[in-house]
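The structure appears right after this line, and notes come after that.
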Amino acid sequence: MFGRFWIHGVAAVLALCAGVAIALYLETGRMEVPAFDIGGPFTMTDQNGRNITKQDLDQTAVALFAGFTHCPDVCPTTLLRLSNLLEQLGGDAENIRVVLVSVDPERDTPQVLKSYLAAFGGDFTAMTGTPEQLKTFAKAYRLFYEKSGNGSDYTMNHSAGVYLFGKGGAFQSTLDQHETDDVALRKLKMLAGA
Amino acid sequence: MGLAVLRAAAITAFAVLAGTANVLAAETGGPWKLGDIVVEQAWARLAPGGARTGAVYLTVHNKSGQDDLLLAVDSPVAESTAVHETIVENDVARMEPLPAGVNLPSHGEVVMRPGGMHIMMTGVSSDIRVGSLMPVKMVFRDAGSLDFDVPVVPLGASDPAEKHLKH
Ligand SMILES: [Cu+2]
């Protein structure tokens, strides 16, 4: 597992990148891609049991976040918010793929992820993998996760933000839960059009 | 036929119909009164599949001139029940129990909503599903204890208490 300081630094850099990108957008009317690079080669398994790689993700714009299906509070909240935002976005939403990365490979099999997504109705992607595959993914995409508690009742602490990547895989910005829907929609609209 | 049965039937019918809709509406339970304590806008959701974890959301009003304390929560259908708070710090989300209880200020309220405070349940009986009523007990330091049944709404439903808050 990564050191906490490192991850806090990454969160700060992410927030800064997102802030700079938005400021640039507001000033110049176009989205500058931050020099800070997020993403890298990986192989995971999607909810249908198929392999999914960086090449697959890069086909479209992506809104990606970490979570796990045993989480009754924050994970459904994030997915519902994204689902509602995309509905408000209308036709542009088709250009954005919502991806839930499970940080709980022990319990989240593809079948579990499939039944989880079915409860939300949208056309979303979920991925899981072996602990090693997840480790590789999390390192490349700067996601933090750690187990909390013991026995069968453990939960996972994990990165809370939604990371936005343009078509081709370039990191654009993040969504966080404190911003207004207007700000989030503006970011998603940019993402869909990029 | 009792009111609770009717309500459960309505929620079940709703859950069956709701399968395809993206944004779902659902009903909340309450109010329930215990002296100056009023619990309302209560609803619950369950993680799907074999997870058997759930969260209950509600609002507790304390209409008395004295502070009270929510000492404990319990449910006969769950292996463990506790008040949790979701905390996001440095972009990392985690859940923490509140072992010291929850203060209920006089003439104040405590709101449990998604992404914040919630009643966390693990090992929920498989008899409880969408459309069921989830029995919950709250124990207050001064007011005593209150039992009530909270409707379980579909996982994909938007916060059913939201429409009451957005006047
Ligand atoms: Cu919790």
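In the structure tokens, chains take letters A, B, ... by order of appearance, with residues numbered from 1 within each chain and ligands from 1 in the order shown.
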Which protein, DNA or RNA residues have an atom within 6 Å of ligand 1, counting only C-alpha atoms and all ligand atoms, as a PDB file with N, CA and C atoms, in the first residue's frame?
ATOM      1  N   HIS B  84     -22.979   5.872  11.852  1.00  0.00           N
ATOM      2  CA  HIS B  84     -21.719   6.123  11.160  1.00  0.00           C
ATOM      3  C   HIS B  84     -21.712   7.528  10.597  1.00  0.00           C
ATOM      4  N   MET B  95     -15.700   5.596   6.501  1.00  0.00           N
ATOM      5  CA  MET B  95     -16.833   5.647   7.411  1.00  0.00           C
ATOM      6  C   MET B  95     -16.331   5.434   8.826  1.00  0.00           C
ATOM      7  N   MET B 120     -25.715   2.545   9.978  1.00  0.00           N
ATOM      8  CA  MET B 120     -25.087   1.491   9.167  1.00  0.00           C
ATOM      9  C   MET B 120     -25.473   0.127   9.734  1.00  0.00           C
TER      10      MET B 120
END
Shell of 9 Å around Glu94 in chain A, only C-alpha atoms, local chain residues under 4 positions omitted, as a short mmCIF file (atom, residue, chain, number, x, y, z; two decimals) with all heavy atoms, in the first residue's frame:
data_model
loop_
_atom_site.label_atom_id
_atom_site.label_comp_id
_atom_site.auth_asym_id
_atom_site.auth_seq_id
_atom_site.Cartn_x
_atom_site.Cartn_y
_atom_site.Cartn_z
N LEU A 86 -25.59 13.16 -15.88
CA LEU A 86 -25.56 12.77 -17.29
C LEU A 86 -26.95 12.91 -17.92
O LEU A 86 -27.07 13.26 -19.09
CB LEU A 86 -25.06 11.33 -17.43
CG LEU A 86 -23.56 11.15 -17.13
CD1 LEU A 86 -23.15 9.70 -17.30
CD2 LEU A 86 -22.70 12.05 -18.02
N GLY A 90 -28.04 15.43 -21.28
CA GLY A 90 -28.77 15.06 -22.50
C GLY A 90 -27.93 14.24 -23.45
O GLY A 90 -27.16 13.37 -23.02
N ALA A 192 -17.42 15.89 -22.75
CA ALA A 192 -18.18 15.22 -23.83
C ALA A 192 -17.80 15.79 -25.19
O ALA A 192 -17.76 15.06 -26.18
CB ALA A 192 -19.67 15.38 -23.59
#
Can you pull out every residue within 10 Å of Glu109 in chain B, counting only C-alpha atoms, but drop anything in the same chain fewer than 6 positions away, and send it as a PyMOL selection string? chain B and resi 37-39+59-63+103
Write the selection just made, keeping C-alpha atoms, as a short mmCIF file (atom, residue, chain, number, x, y, z; two decimals), in the first residue's frame?
data_model
loop_
_atom_site.label_atom_id
_atom_site.label_comp_id
_atom_site.auth_asym_id
_atom_site.auth_seq_id
_atom_site.Cartn_x
_atom_site.Cartn_y
_atom_site.Cartn_z
CA ILE B 37 -38.59 13.65 19.94
CA VAL B 38 -39.91 13.33 16.38
CA VAL B 39 -38.31 11.03 13.79
CA THR B 59 -34.25 13.31 10.49
CA VAL B 60 -34.54 13.50 14.29
CA HIS B 61 -36.11 16.62 15.82
CA ASN B 62 -35.73 17.50 19.49
CA LYS B 63 -38.59 19.89 20.30
CA ASN B 103 -26.06 15.10 20.46
#
Using only C-alpha atoms, find each residue in chain A having at least one atom no more than 8 Å away from chain B; report its shortest atom-to-atom pair and that distance in Å (one decimal), rows by chain then rising number, as JSON lines.
{"residue": "A:His8", "atom": "CA", "partner": "B:Asn90", "partner_atom": "CA", "distance": 5.8}
{"residue": "A:Ala11", "atom": "CA", "partner": "B:Asp91", "partner_atom": "CA", "distance": 6.2}
{"residue": "A:Ala12", "atom": "CA", "partner": "B:Asn90", "partner_atom": "CA", "distance": 7.6}
{"residue": "A:Thr69", "atom": "CA", "partner": "B:Ala47", "partner_atom": "CA", "distance": 6.3}
{"residue": "A:His70", "atom": "CA", "partner": "B:Ala51", "partner_atom": "CA", "distance": 5.4}
{"residue": "A:Cys71", "atom": "CA", "partner": "B:Ala47", "partner_atom": "CA", "distance": 6.6}
{"residue": "A:Pro72", "atom": "CA", "partner": "B:Ala47", "partner_atom": "CA", "distance": 5.3}
{"residue": "A:Asp73", "atom": "CA", "partner": "B:Pro114", "partner_atom": "CA", "distance": 5.7}
{"residue": "A:Val74", "atom": "CA", "partner": "B:Gly115", "partner_atom": "CA", "distance": 5.1}
{"residue": "A:Pro76", "atom": "CA", "partner": "B:Leu155", "partner_atom": "CA", "distance": 7.2}
{"residue": "A:Thr77", "atom": "CA", "partner": "B:Pro114", "partner_atom": "CA", "distance": 6.4}
{"residue": "A:Leu80", "atom": "CA", "partner": "B:Gly156", "partner_atom": "CA", "distance": 6.7}
{"residue": "A:Ser83", "atom": "CA", "partner": "B:Asn22", "partner_atom": "CA", "distance": 7.5}
{"residue": "A:Asn84", "atom": "CA", "partner": "B:Val23", "partner_atom": "CA", "distance": 7.0}
{"residue": "A:Val112", "atom": "CA", "partner": "B:Gly49", "partner_atom": "CA", "distance": 6.2}
{"residue": "A:Ser115", "atom": "CA", "partner": "B:Gly49", "partner_atom": "CA", "distance": 6.5}
{"residue": "A:Tyr116", "atom": "CA", "partner": "B:Pro48", "partner_atom": "CA", "distance": 5.8}
{"residue": "A:Ala119", "atom": "CA", "partner": "B:Gly156", "partner_atom": "CA", "distance": 5.4}
{"residue": "A:Phe120", "atom": "CA", "partner": "B:Gly156", "partner_atom": "CA", "distance": 4.4}
{"residue": "A:Gly121", "atom": "CA", "partner": "B:Asn22", "partner_atom": "CA", "distance": 5.7}
{"residue": "A:Gly122", "atom": "CA", "partner": "B:Asn22", "partner_atom": "CA", "distance": 6.6}
{"residue": "A:Phe144", "atom": "CA", "partner": "B:Val92", "partner_atom": "CA", "distance": 7.3}
{"residue": "A:Asp153", "atom": "CA", "partner": "B:Thr122", "partner_atom": "CA", "distance": 6.8}
{"residue": "A:Met156", "atom": "CA", "partner": "B:Arg94", "partner_atom": "CA", "distance": 7.2}
{"residue": "A:Asn157", "atom": "CA", "partner": "B:Arg94", "partner_atom": "CA", "distance": 4.7}
{"residue": "A:His158", "atom": "CA", "partner": "B:Val92", "partner_atom": "CA", "distance": 5.2}
{"residue": "A:Ser159", "atom": "CA", "partner": "B:Val92", "partner_atom": "CA", "distance": 4.3}
{"residue": "A:Ala160", "atom": "CA", "partner": "B:Val92", "partner_atom": "CA", "distance": 5.2}
{"residue": "A:Gly161", "atom": "CA", "partner": "B:Asp91", "partner_atom": "CA", "distance": 6.2}
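In this structure, CA of Asp74 in chain B sits 10.5 Å away from CA of Ser145 in chain B.
Residues of range 86-182 of chain A that DSSP places in strand (DSSP E or B), based on the backbone of this structure, are Ile96, Arg97, Val98, Val99, Leu100, Val101, Ser102, Thr125, Ala126, Met127, Thr128, Tyr145, Glu146, Lys147, Ser148, Thr155, Met156, Asn157, His158, Ser159, Val162, Tyr163, Leu164, Phe165, Phe171, Gln172, Ser173, Thr174 and Leu175 of chain A.
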